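Asker: Have a look at this one before I ask anything.
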Amino acid sequence: MNEIEKLAHRITARFQSNSPFCLCDCMGVQVQRLDLPEQVRGFCFRTESGKPIIVLKETLSKTESGYCCAHELGHLLLHPGLNAQVIADLTNLCAPRYEREADFFAACLLIDPNFEEWSLTYNPLTQEQIALLSGLPRRVVGLRFEK
């Protein structure tokens with residue numbers, strides 16, 4: 001997953017931001033908020049002309065919206081040409097792998113890359129504390145610090 005981490009760092013360096021909304025704006029990705037079914041937090045797709053669009057559930061909190069936007073941006077960058085329907089139709093594709101990669105991208109984007117160094121210098125935080133402070137799901141934080 002090292003390439004995913006490098007991609008996240010290249011993008012944040014290029015656009016001088018780790019905000020998924022700012023990055024989407026800079027990269028020409030339209031973000032829309034809609035009333036989605038309870039179990040759907042967000043999804044992404046490309047229009048027939050190729051324009052990327054991220055759709056987020058309108059009732060998500062600011063923190064949840066940021067994570068979901070980063071996750072969907074990860075799908076757009078890491079899995080071009082794939083969407084949930086394509087994955088469902090092609091049974092040999094591993095949907096959990098794609099979700100894990102998008103989560104890892106979101107974690108790399110939203111957790112400062114210098115955090116580990118800072119943590120060694122000061123009082124180290126547990127992954128649970130990082131999750132609470134960042135608002136990211138614990139499993140996503142765990143992906144970021146997996147060795």
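Residues are named by chain letter and number: chains run A, B, ... in the order of the structure tokens, numbers start at 1 in each chain, and ligands are numbered from 1 in the order shown.
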Can you tell me, as a VMD selection string, which residues in chain A count as strand (DSSP E or B) by DSSP?
Answerer: chain A and resid 30 to 34 42 to 46 52 to 57
Asker: According to DSSP computed on the backbone, where in chain A is there alpha helix (DSSP H)? Give the residues as a PyMOL selection string.
Answerer: chain A and resi 2-15+20-27+62-78+84-89+95-110+115-121+127-134+138-145
Asker: Can you tell me, as an NGL selection string, what residues are no more than 10 Å from Leu36 in chain A when counting only C-alpha atoms, ignoring any on the same chain fewer than 5 positions away?
Answerer: :A and (41-43 or 55-59)
Asker: For N, CA and C atoms, I'd like the residues from the last selection saved as a PDB file, in the first residue's frame.
Answerer:
```pdb
ATOM      1  N   ARG A  41     -23.771   6.214   2.572  1.00  0.00           N
ATOM      2  CA  ARG A  41     -23.152   7.459   3.050  1.00  0.00           C
ATOM      3  C   ARG A  41     -22.584   8.278   1.908  1.00  0.00           C
ATOM      4  N   GLY A  42     -22.216   7.611   0.827  1.00  0.00           N
ATOM      5  CA  GLY A  42     -21.672   8.312  -0.325  1.00  0.00           C
ATOM      6  C   GLY A  42     -21.315   7.349  -1.435  1.00  0.00           C
ATOM      7  N   PHE A  43     -21.098   7.897  -2.611  1.00  0.00           N
ATOM      8  CA  PHE A  43     -20.640   7.102  -3.746  1.00  0.00           C
ATOM      9  C   PHE A  43     -20.038   8.051  -4.781  1.00  0.00           C
ATOM     10  N   VAL A  55     -20.971  11.969  -4.545  1.00  0.00           N
ATOM     11  CA  VAL A  55     -22.268  12.270  -3.923  1.00  0.00           C
ATOM     12  C   VAL A  55     -22.184  11.842  -2.465  1.00  0.00           C
ATOM     13  N   LEU A  56     -22.494  12.769  -1.563  1.00  0.00           N
ATOM     14  CA  LEU A  56     -22.459  12.497  -0.126  1.00  0.00           C
ATOM     15  C   LEU A  56     -23.860  12.663   0.466  1.00  0.00           C
ATOM     16  N   LYS A  57     -24.120  11.862   1.466  1.00  0.00           N
ATOM     17  CA  LYS A  57     -25.399  11.972   2.186  1.00  0.00           C
ATOM     18  C   LYS A  57     -25.456  13.344   2.861  1.00  0.00           C
ATOM     19  N   GLU A  58     -26.535  14.045   2.672  1.00  0.00           N
ATOM     20  CA  GLU A  58     -26.634  15.424   3.152  1.00  0.00           C
ATOM     21  C   GLU A  58     -26.672  15.545   4.674  1.00  0.00           C
ATOM     22  N   THR A  59     -26.999  14.480   5.385  1.00  0.00           N
ATOM     23  CA  THR A  59     -27.113  14.560   6.845  1.00  0.00           C
ATOM     24  C   THR A  59     -25.818  14.185   7.577  1.00  0.00           C
TER      25      THR A  59
END
```
Asker: Could you tell me which of A:Cys69, A:Ile4, A:Ala131, A:Ala102 comes closest to Gln32 in chain A if we count only C-alpha atoms?
Answerer: A:Cys69
Asker: Report the distance between CA of Leu136 in chain A and CA of His79 in chain A in Å, rounded to one decimal place.
Answerer: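 Separation between CA of Leu136 in chain A and CA of His79 in chain A: 21.9 Å.
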Asker: Between A:Glu5, A:Val140, A:Pro20, A:Gln129, which one has atoms that come closest to Gly66 in chain A, using only C-alpha atoms?
Answerer: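 Between A:Glu5, A:Val140, A:Pro20, A:Gln129, the residue approaching Gly66 in chain A most closely is A:Pro20.
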Asker: One number please: CA of Arg144 in chain A to CA of Arg46 in chain A, in Å, one decimal.
Answerer: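 Separation between CA of Arg144 in chain A and CA of Arg46 in chain A: 27.6 Å.
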Asker: Please determine, counting only C-alpha atoms, which residue among A:Lys62, A:Arg97, A:His71, A:Arg10 has the shortest atom-to-atom distance to Gly135 in chain A.
Answerer: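 Among the listed residues, the smallest separation from Gly135 in chain A belongs to A:Lys62.
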